[in-house]
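A.B. asks: My questions will all concern the structure given below.
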Amino acid sequence: MPSERTIPFFNYPALFRQEEDELGPLIIDVLRRGAYIMQGDLAEFETALAAYLGVKHAVGVADGTMAITFGLIGAGIGPGDEVIVPSHTFVATAAAVTHAGATPVLVDCGPDHVIEPASTRRAVTKRTKAILPVQLNGRTANMDPILDIAERHGLTIVEDSCQALGSKFKERHAGTFGAAGAFSFYPSKTLGCFGDGGALVTDDDTVAARARELRDHGRAADGLVRRIGFNARLDNVQAAVLNARLKRYPKMIERRRALARIYDERLRGLNELLLPPGPDADPDHFDIFQNYEIEAERRDALRDHLTQAGIGTILQWGGRCIHQFPDLGLRADAPYAERMTARFMLLPLNLSLSDDDVHYICDRIIAFYRG
Ligand SMILES: *Cc1c(COP(=O)(O)O)cnc(C)c1O
C-alpha cells in the first residue's frame with residue numbers, strides 16, 4: 001500500500017519556491033551589477049551578521065571548514081599543538097585542526113550530544129593549546145565547565161558553531177565564547193545559501209585581520225601579500241542571498257522551535273526514545289534545532305517503518321563519529337558516543353514542514369512502539 005504522504009528528509013525545491021519571488025529578482029540584480037567577488041553585498045552581510053551576534057568582526061569565507069581553520073590559525077594554533085574536539089561531529093572539524101597544522105584529540109559527548117566536560121578534562125596534556133567545542137544540532141554546550149577548563153590550563157577556545165547560528169547559552173551566542181567562532185551557510189544549514197559559504201566571527205582585531213588576509217591569497221588591505229593564504233572568499237551573490245535571509249532569521253528560528261515543540265510534546269512519553277532537550281526545558285539554553293537528533297531503541301527497524309510511511313530520516317555523517325572512520329587513524333575516549341552511534345538518527349526538521357507533517361511523523365513513531 002502506498003503511504004499516505006511523502007515527507008522527504010529535506011526538500012530544496014519546496015524551500016526555494018517559498019522565496020522565489022524575493023530571491024529571484026535579488027540574484028538578477030547582483031548579476032546585472034556584475035558584483036561577484038568582494039563587493040558591497042558581502043560587506044553589508046558581514047556588518048549585519050556582526051550586529052546580529054553582537055561581535056566586532058564577521059569575515060565571510062568560502063565555507064564553514066575554512067572559517068574554523070582561519071579561526072585556529074588566527075588564534076595562533078599551529079604545528080605541535082593539540083586541539084580537543086568532540087568525536088560526534090562532521091569530519092570537517094578535525095580536518096580544520098589538521099589544515100591549521102595542529103593535532104585533533106577526540107573526546108566524548110553527553111546525552112545532549114555536545115562536548116562532555118569530564119572527557120575534555122581528561123584529554124588535556126602539556127601540548128594542548130585549544131578546545132574546539134562543536135555546538136551541534138543547534139545547541140550550545142553548557143560552556144561553564146569548558147570555560148573553566150580553558151582558564152585553568154590557559155587554553156584558547158575556538159568554536160565550531162556551524163550548526164548553531166542564533167543558539168545561546170546563558171544569553172550568550174554560540175560562536176562568541178572564545179577567540180573565534182565559525183559558521184557554515186551550506187544549503188541545509190539553518191541559514192543556508194545556494195552553494196557553499198561560511199563566516200568567522202571574532203572580537204579580536206588581529207584574528208579578524210589574519211582571516212581577511214588568509215581568505216584572499218594572503219593579501220592585506222593595502223594590497224601587499226603578507227603571508228601565503230588561500231582562495232576562500234564568500235561569493236557576493238551568496239552574500240546577497242544571506243543578507244535577505246538574515247533579516248527574517250529570528251522568525252525562521254521560532255518556526256524551527258515550534259516544530260521541535262511538537263516533537264517534544266508528542267514523543268516525550270515514549271521511554272524507547274531519548275529526545276533532545278525540549279525548546280523550553282532549560283532557561284540557560286536557547287536551542288535553534290538545526291537538527292532533531294534522537295536516540296531510539298530498535299533504531300534500524302524504526303527507520304524502516306518510517307521509510308514505509310514515506311518519511312525520510314538520516315544518520316548524521318553516515319552513522320559514524322570521526323574516530324569510527326578507520327582510514328583516518330584517529331582514536332577517541334568516547335564511550336557515550338560509541339553507544340550512541342548504534343541508536344542515533346535525525347527526524348525531519350526544516351521550514352518546508354507543516355505542523356501536520358510533524359504530527360504525521362509522530363503518529364507513525366507512536367504506532368511503531370505502541371503497535
Ligand atoms: C556544516 C558543518 C561544518 C562545515 O561545513 P562546510 O560544509 O565546510 O560549510 C563543520 N562542522 C559541522 C558540525 C557542520 O555541521
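The chains in the C-alpha cells are called A, B, ... from first to last as shown; in each chain the residues are counted from 1, and the ligands are counted from 1 in the order shown.
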Considering only C-alpha atoms, return as a PyMOL selection string whatever protein or nucleic-acid residues lie within 9 Å of Ala209 in chain A, sequence-local ones (same chain, fewer than 3 positions apart) excluded.
C.D. replies: chain A and resi 74+204-206+212-214+220-221
A.B. asks: Kindly compile the residues surrounding ligand 1 within 10 Å, counting only C-alpha atoms and all ligand atoms, and format them as a PyMOL selection string.
C.D. replies: chain A and resi 61-69+86+88-96+133-138+159-164+182-189+192+195-199+290-291+316-317
A.B. asks: Residues near Cys321 in chain A, anyone? I mean within 12 Å using only C-alpha atoms, not counting same-chain ones fewer than 3 positions away, as a PyMOL selection string.
C.D. replies: chain A and resi 85-94+106-109+113+315-318+324-326+328+330-342+344
A.B. asks: Based on the selection just made, write N, CA and C atoms of those residues as a JSON list (two decimals), in the first residue's frame.
C.D. replies:
[["chain", "number", "residue", "atom", "x", "y", "z"],
["A", 85, "VAL", "N", 38.65, 18.10, 20.45],
["A", 85, "VAL", "CA", 37.48, 18.14, 19.56],
["A", 85, "VAL", "C", 36.54, 16.99, 19.96],
["A", 86, "PRO", "N", 35.24, 17.23, 20.08],
["A", 86, "PRO", "CA", 34.33, 16.10, 20.32],
["A", 86, "PRO", "C", 34.28, 15.20, 19.08],
["A", 87, "SER", "N", 34.18, 13.89, 19.31],
["A", 87, "SER", "CA", 34.20, 12.97, 18.18],
["A", 87, "SER", "C", 32.87, 12.90, 17.44],
["A", 88, "HIS", "N", 31.78, 13.29, 18.11],
["A", 88, "HIS", "CA", 30.49, 13.32, 17.42],
["A", 88, "HIS", "C", 30.37, 14.66, 16.69],
["A", 89, "THR", "N", 30.94, 14.69, 15.49],
["A", 89, "THR", "CA", 30.90, 15.90, 14.67],
["A", 89, "THR", "C", 31.19, 15.52, 13.23],
["A", 90, "PHE", "N", 31.09, 16.52, 12.36],
["A", 90, "PHE", "CA", 31.46, 16.35, 10.96],
["A", 90, "PHE", "C", 32.98, 16.27, 10.88],
["A", 91, "VAL", "N", 33.49, 15.48, 9.96],
["A", 91, "VAL", "CA", 34.94, 15.32, 9.82],
["A", 91, "VAL", "C", 35.62, 16.67, 9.58],
["A", 92, "ALA", "N", 34.87, 17.64, 9.06],
["A", 92, "ALA", "CA", 35.41, 18.98, 8.79],
["A", 92, "ALA", "C", 36.05, 19.60, 10.04],
["A", 93, "THR", "N", 35.51, 19.30, 11.22],
["A", 93, "THR", "CA", 36.04, 19.90, 12.44],
["A", 93, "THR", "C", 37.49, 19.44, 12.66],
["A", 94, "ALA", "N", 37.70, 18.13, 12.54],
["A", 94, "ALA", "CA", 39.06, 17.60, 12.71],
["A", 94, "ALA", "C", 39.95, 18.00, 11.54],
["A", 106, "LEU", "N", 40.40, 13.60, 20.23],
["A", 106, "LEU", "CA", 38.95, 13.42, 20.22],
["A", 106, "LEU", "C", 38.39, 13.02, 21.57],
["A", 107, "VAL", "N", 37.29, 13.67, 21.96],
["A", 107, "VAL", "CA", 36.65, 13.38, 23.24],
["A", 107, "VAL", "C", 35.17, 13.07, 23.04],
["A", 108, "ASP", "N", 34.49, 12.80, 24.17],
["A", 108, "ASP", "CA", 33.13, 12.27, 24.15],
["A", 108, "ASP", "C", 32.08, 13.38, 24.09],
["A", 109, "CYS", "N", 30.85, 12.95, 23.84],
["A", 109, "CYS", "CA", 29.70, 13.83, 24.02],
["A", 109, "CYS", "C", 28.86, 13.28, 25.16],
["A", 113, "HIS", "N", 24.37, 15.36, 23.30],
["A", 113, "HIS", "CA", 25.14, 15.19, 22.06],
["A", 113, "HIS", "C", 26.18, 16.27, 21.80],
["A", 315, "LEU", "N", 21.10, 9.36, 9.16],
["A", 315, "LEU", "CA", 22.07, 9.25, 10.24],
["A", 315, "LEU", "C", 23.16, 10.26, 9.91],
["A", 316, "GLN", "N", 23.45, 11.18, 10.83],
["A", 316, "GLN", "CA", 24.46, 12.19, 10.53],
["A", 316, "GLN", "C", 25.77, 11.50, 10.18],
["A", 317, "TRP", "N", 26.38, 11.98, 9.11],
["A", 317, "TRP", "CA", 27.72, 11.55, 8.70],
["A", 317, "TRP", "C", 27.81, 10.04, 8.52],
["A", 318, "GLY", "N", 26.71, 9.48, 7.95],
["A", 318, "GLY", "CA", 26.70, 8.05, 7.66],
["A", 318, "GLY", "C", 26.66, 7.20, 8.91],
["A", 324, "GLN", "N", 35.47, 6.70, 14.08],
["A", 324, "GLN", "CA", 34.97, 5.43, 13.54],
["A", 324, "GLN", "C", 35.16, 5.32, 12.03],
["A", 325, "PHE", "N", 35.96, 6.21, 11.45],
["A", 325, "PHE", "CA", 36.41, 6.04, 10.06],
["A", 325, "PHE", "C", 37.82, 5.47, 10.13],
["A", 326, "PRO", "N", 37.97, 4.16, 9.94],
["A", 326, "PRO", "CA", 39.27, 3.52, 10.21],
["A", 326, "PRO", "C", 40.42, 4.12, 9.40],
["A", 328, "LEU", "N", 41.15, 7.08, 8.82],
["A", 328, "LEU", "CA", 41.70, 8.33, 9.37],
["A", 328, "LEU", "C", 42.69, 8.06, 10.50],
["A", 330, "LEU", "N", 42.24, 7.89, 13.67],
["A", 330, "LEU", "CA", 42.04, 8.74, 14.85],
["A", 330, "LEU", "C", 41.48, 7.87, 15.99],
["A", 331, "ARG", "N", 41.91, 8.18, 17.20],
["A", 331, "ARG", "CA", 41.39, 7.46, 18.36],
["A", 331, "ARG", "C", 40.65, 8.43, 19.27],
["A", 332, "ALA", "N", 39.72, 7.88, 20.07],
["A", 332, "ALA", "CA", 38.95, 8.77, 20.94],
["A", 332, "ALA", "C", 38.64, 8.10, 22.27],
["A", 333, "ASP", "N", 38.55, 8.92, 23.31],
["A", 333, "ASP", "CA", 37.99, 8.47, 24.58],
["A", 333, "ASP", "C", 36.53, 8.89, 24.54],
["A", 334, "ALA", "N", 35.67, 8.02, 24.00],
["A", 334, "ALA", "CA", 34.29, 8.44, 23.73],
["A", 334, "ALA", "C", 33.29, 7.31, 23.88],
["A", 335, "PRO", "N", 33.17, 6.73, 25.10],
["A", 335, "PRO", "CA", 32.25, 5.60, 25.28],
["A", 335, "PRO", "C", 30.79, 5.95, 25.03],
["A", 336, "TYR", "N", 30.37, 7.16, 25.43],
["A", 336, "TYR", "CA", 28.96, 7.52, 25.19],
["A", 336, "TYR", "C", 28.69, 7.60, 23.70],
["A", 337, "ALA", "N", 29.59, 8.27, 22.98],
["A", 337, "ALA", "CA", 29.39, 8.45, 21.53],
["A", 337, "ALA", "C", 29.34, 7.09, 20.83],
["A", 338, "GLU", "N", 30.15, 6.15, 21.31],
["A", 338, "GLU", "CA", 30.16, 4.84, 20.67],
["A", 338, "GLU", "C", 28.83, 4.10, 20.85],
["A", 339, "ARG", "N", 28.27, 4.17, 22.04],
["A", 339, "ARG", "CA", 26.94, 3.54, 22.25],
["A", 339, "ARG", "C", 25.90, 4.28, 21.41],
["A", 340, "MET", "N", 26.04, 5.59, 21.35],
["A", 340, "MET", "CA", 25.05, 6.41, 20.67],
["A", 340, "MET", "C", 24.95, 6.13, 19.18],
["A", 341, "THR", "N", 26.08, 5.83, 18.54],
["A", 341, "THR", "CA", 26.02, 5.67, 17.08],
["A", 341, "THR", "C", 25.17, 4.47, 16.66],
["A", 342, "ALA", "N", 24.91, 3.53, 17.56],
["A", 342, "ALA", "CA", 24.02, 2.42, 17.23],
["A", 342, "ALA", "C", 22.55, 2.82, 17.39],
["A", 344, "PHE", "N", 21.43, 6.52, 17.21],
["A", 344, "PHE", "CA", 21.01, 7.88, 16.86],
["A", 344, "PHE", "C", 20.44, 7.97, 15.44]]
A.B. asks: Tell me, as a ChimeraX atom specification, which residues lie within 9 Å of range 266-283 of chain A, counting only C-alpha atoms; anything in the same chain fewer than 5 positions away does not count.
C.D. replies: /A:111-113,169-170,257-258,260-261,288-289,292-298,359,362-363,365-366,369
A.B. asks: If we count only C-alpha atoms and set the cut-off at 7 Å, which residues sit around range 225-238 of chain A, ignoring sequence neighbours fewer than 6 positions away in its own chain? Please answer as a list in words.
C.D. replies: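 Everything that qualifies: Ile27, Val30, Ala35, Tyr36, Ile37, Met38, Gln39, Asp41, Leu42, Gly60, Val61, Ala62, Cys193, Phe194, Gly197, Gly198, Glu213, Leu214, Arg215, Asp216, His217, Gly218 and Arg219 of chain A.
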A.B. asks: Deliver the residues from the most recent selection as a file, using N, CA and C atoms, as a PDB file, in the first residue's frame.
C.D. replies:
ATOM      1  N   ILE A  27      18.866  38.073  -6.994  1.00  0.00           N
ATOM      2  CA  ILE A  27      20.052  37.483  -7.639  1.00  0.00           C
ATOM      3  C   ILE A  27      20.299  38.151  -8.994  1.00  0.00           C
ATOM      4  N   VAL A  30      22.088  41.411  -8.583  1.00  0.00           N
ATOM      5  CA  VAL A  30      23.550  41.276  -8.360  1.00  0.00           C
ATOM      6  C   VAL A  30      24.240  40.992  -9.689  1.00  0.00           C
ATOM      7  N   ALA A  35      28.554  42.194  -9.801  1.00  0.00           N
ATOM      8  CA  ALA A  35      29.236  42.288  -8.495  1.00  0.00           C
ATOM      9  C   ALA A  35      29.473  40.891  -7.926  1.00  0.00           C
ATOM     10  N   TYR A  36      30.586  40.287  -8.283  1.00  0.00           N
ATOM     11  CA  TYR A  36      30.778  38.864  -7.962  1.00  0.00           C
ATOM     12  C   TYR A  36      31.645  38.595  -6.731  1.00  0.00           C
ATOM     13  N   ILE A  37      32.819  39.247  -6.682  1.00  0.00           N
ATOM     14  CA  ILE A  37      33.790  38.885  -5.637  1.00  0.00           C
ATOM     15  C   ILE A  37      34.132  40.113  -4.798  1.00  0.00           C
ATOM     16  N   MET A  38      34.071  39.978  -3.492  1.00  0.00           N
ATOM     17  CA  MET A  38      34.477  41.043  -2.550  1.00  0.00           C
ATOM     18  C   MET A  38      33.790  42.372  -2.877  1.00  0.00           C
ATOM     19  N   GLN A  39      32.465  42.328  -2.970  1.00  0.00           N
ATOM     20  CA  GLN A  39      31.694  43.516  -3.316  1.00  0.00           C
ATOM     21  C   GLN A  39      30.808  43.955  -2.145  1.00  0.00           C
ATOM     22  N   ASP A  41      27.661  43.686  -1.303  1.00  0.00           N
ATOM     23  CA  ASP A  41      26.723  42.799  -0.612  1.00  0.00           C
ATOM     24  C   ASP A  41      27.437  41.981   0.464  1.00  0.00           C
ATOM     25  N   LEU A  42      28.690  41.642   0.194  1.00  0.00           N
ATOM     26  CA  LEU A  42      29.486  40.906   1.185  1.00  0.00           C
ATOM     27  C   LEU A  42      29.735  41.788   2.411  1.00  0.00           C
ATOM     28  N   GLY A  60      33.344  36.977   5.943  1.00  0.00           N
ATOM     29  CA  GLY A  60      32.760  35.954   5.076  1.00  0.00           C
ATOM     30  C   GLY A  60      33.854  35.137   4.408  1.00  0.00           C
ATOM     31  N   VAL A  61      33.699  33.836   4.438  1.00  0.00           N
ATOM     32  CA  VAL A  61      34.682  32.941   3.817  1.00  0.00           C
ATOM     33  C   VAL A  61      33.972  31.875   2.979  1.00  0.00           C
ATOM     34  N   ALA A  62      34.767  31.032   2.332  1.00  0.00           N
ATOM     35  CA  ALA A  62      34.221  30.102   1.343  1.00  0.00           C
ATOM     36  C   ALA A  62      33.271  29.071   1.941  1.00  0.00           C
ATOM     37  N   CYS A 193      22.800  29.151   2.005  1.00  0.00           N
ATOM     38  CA  CYS A 193      22.799  29.881   0.728  1.00  0.00           C
ATOM     39  C   CYS A 193      22.652  28.857  -0.399  1.00  0.00           C
ATOM     40  N   PHE A 194      22.915  29.268  -1.642  1.00  0.00           N
ATOM     41  CA  PHE A 194      22.713  28.358  -2.782  1.00  0.00           C
ATOM     42  C   PHE A 194      24.041  27.775  -3.241  1.00  0.00           C
ATOM     43  N   GLY A 197      29.259  28.387   1.681  1.00  0.00           N
ATOM     44  CA  GLY A 197      29.521  29.689   2.282  1.00  0.00           C
ATOM     45  C   GLY A 197      29.831  29.516   3.753  1.00  0.00           C
ATOM     46  N   GLY A 198      30.508  30.498   4.322  1.00  0.00           N
ATOM     47  CA  GLY A 198      30.819  30.434   5.750  1.00  0.00           C
ATOM     48  C   GLY A 198      31.239  31.787   6.257  1.00  0.00           C
ATOM     49  N   GLU A 213      43.139  38.301   5.475  1.00  0.00           N
ATOM     50  CA  GLU A 213      44.287  38.004   4.609  1.00  0.00           C
ATOM     51  C   GLU A 213      44.234  36.561   4.095  1.00  0.00           C
ATOM     52  N   LEU A 214      43.970  35.644   5.035  1.00  0.00           N
ATOM     53  CA  LEU A 214      44.009  34.219   4.673  1.00  0.00           C
ATOM     54  C   LEU A 214      42.998  33.871   3.585  1.00  0.00           C
ATOM     55  N   ARG A 215      41.824  34.514   3.603  1.00  0.00           N
ATOM     56  CA  ARG A 215      40.794  34.159   2.623  1.00  0.00           C
ATOM     57  C   ARG A 215      41.129  34.689   1.238  1.00  0.00           C
ATOM     58  N   ASP A 216      42.030  35.656   1.148  1.00  0.00           N
ATOM     59  CA  ASP A 216      42.284  36.358  -0.117  1.00  0.00           C
ATOM     60  C   ASP A 216      43.765  36.299  -0.489  1.00  0.00           C
ATOM     61  N   HIS A 217      44.289  35.091  -0.567  1.00  0.00           N
ATOM     62  CA  HIS A 217      45.664  34.870  -1.040  1.00  0.00           C
ATOM     63  C   HIS A 217      46.724  35.561  -0.183  1.00  0.00           C
ATOM     64  N   GLY A 218      46.390  35.832   1.071  1.00  0.00           N
ATOM     65  CA  GLY A 218      47.383  36.455   1.954  1.00  0.00           C
ATOM     66  C   GLY A 218      47.526  37.950   1.763  1.00  0.00           C
ATOM     67  N   ARG A 219      46.632  38.530   0.961  1.00  0.00           N
ATOM     68  CA  ARG A 219      46.743  39.974   0.690  1.00  0.00           C
ATOM     69  C   ARG A 219      46.127  40.797   1.818  1.00  0.00           C
TER      70      ARG A 219
END
A.B. asks: Which is closest to Pro117 in chain A among A:Ala301, A:Gly101, A:Gly76, A:Asp144, if we use only C-alpha atoms?
C.D. replies: A:Asp144
A.B. asks: DSSP on the backbone: which residues in range 209-333 of chain A end up as alpha helix (DSSP H)? Give the answer as a PyMOL selection string.
C.D. replies: chain A and resi 209-215+236-247+249-267+299-308
A.B. asks: Between A:Ile115, A:Ile7, A:Ala180, A:Leu246, which has the minimum distance to Tyr360 in chain A (counting only C-alpha atoms)?
C.D. replies: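 Ranking A:Ile115, A:Ile7, A:Ala180, A:Leu246 by distance to Tyr360 in chain A, first place goes to A:Ile7.
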A.B. asks: Please measure the separation of CA of Arg343 in chain A and CA of Gly166 in chain A, giving the value in Å to one decimal.
C.D. replies: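 Computing it gives 27.8 Å between the two atoms.
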A.B. asks: Tell me, as a CSV table (one decimal) with C-alpha atoms, in the first residue's frame, which residues lie within 9 Å of Asn350 in chain A, counting only C-alpha atoms; anything in the same chain fewer than 5 positions away does not count.
C.D. replies:
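Output saved as result_15.csv:
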chain,number,residue,atom,x,y,z
A,9,PHE,CA,14.2,14.5,4.9
A,10,PHE,CA,15.0,17.7,3.1
A,11,ASN,CA,13.2,19.4,0.2
A,15,LEU,CA,12.0,25.7,0.1
A,188,SER,CA,20.8,22.7,4.6
A,190,THR,CA,19.5,27.0,9.4
A,255,ARG,CA,9.4,28.2,13.4
A,256,ARG,CA,12.0,25.6,14.0
A,259,LEU,CA,8.2,22.2,15.2
A,290,GLN,CA,19.5,22.7,13.2
A,291,ASN,CA,18.7,19.0,13.6
A.B. asks: Residues of range 69-239 of chain A in strand (DSSP E) according to DSSP, as number ranges by chain?
C.D. replies: A: 82-86, 103-107, 128-131, 156-160, 168-169, 172-173, 180-184, 198-202
A.B. asks: I'd like the neighbourhood of Val59 in chain A as a ChimeraX atom specification, where a residue qualifies if any of its atoms comes within 8 Å (using only C-alpha atoms), though same-chain residues fewer than 6 positions away should be ignored.
C.D. replies: /A:46,199-201,208,211-212
A.B. asks: Grab the residues selected above and save them as a compact mmCIF listing (two decimals), in the first residue's frame with all heavy atoms.
C.D. replies:
# COMPACT_ATOMS: atom_id res chain seq x y z
N GLU A 46 28.44 41.09 6.20
CA GLU A 46 29.36 40.99 7.33
C GLU A 46 28.93 41.93 8.46
O GLU A 46 28.94 41.56 9.64
CB GLU A 46 30.79 41.29 6.88
CG GLU A 46 31.35 40.19 5.98
CD GLU A 46 32.74 40.48 5.42
OE1 GLU A 46 33.11 41.67 5.33
OE2 GLU A 46 33.44 39.51 5.07
N ALA A 199 31.39 31.89 7.57
CA ALA A 199 31.88 33.14 8.17
C ALA A 199 32.60 32.85 9.46
O ALA A 199 32.24 31.91 10.19
CB ALA A 199 30.74 34.12 8.42
N LEU A 200 33.60 33.65 9.73
CA LEU A 200 34.29 33.62 11.01
C LEU A 200 33.88 34.88 11.76
O LEU A 200 33.79 35.95 11.15
CB LEU A 200 35.80 33.60 10.76
CG LEU A 200 36.77 33.86 11.91
CD1 LEU A 200 38.05 33.09 11.63
CD2 LEU A 200 37.08 35.33 12.07
N VAL A 201 33.61 34.74 13.06
CA VAL A 201 33.31 35.93 13.85
C VAL A 201 34.29 36.02 15.02
O VAL A 201 34.74 35.00 15.55
CB VAL A 201 31.84 35.95 14.37
CG1 VAL A 201 30.87 35.89 13.21
CG2 VAL A 201 31.59 34.82 15.37
N ALA A 208 40.71 38.84 13.18
CA ALA A 208 39.91 39.27 12.02
C ALA A 208 40.82 39.65 10.85
O ALA A 208 40.57 39.26 9.70
CB ALA A 208 39.02 40.45 12.40
N ALA A 211 42.27 36.57 9.27
CA ALA A 211 41.26 35.84 8.48
C ALA A 211 41.02 36.54 7.14
O ALA A 211 40.87 35.89 6.10
CB ALA A 211 39.97 35.71 9.27
N ARG A 212 40.98 37.87 7.16
CA ARG A 212 40.77 38.62 5.91
C ARG A 212 41.93 38.40 4.93
O ARG A 212 41.72 38.31 3.72
CB ARG A 212 40.59 40.12 6.20
CG ARG A 212 39.26 40.44 6.85
CD ARG A 212 39.03 41.93 7.05
NE ARG A 212 37.80 42.14 7.82
CZ ARG A 212 36.58 42.03 7.31
NH1 ARG A 212 36.42 41.77 6.03
NH2 ARG A 212 35.52 42.18 8.07
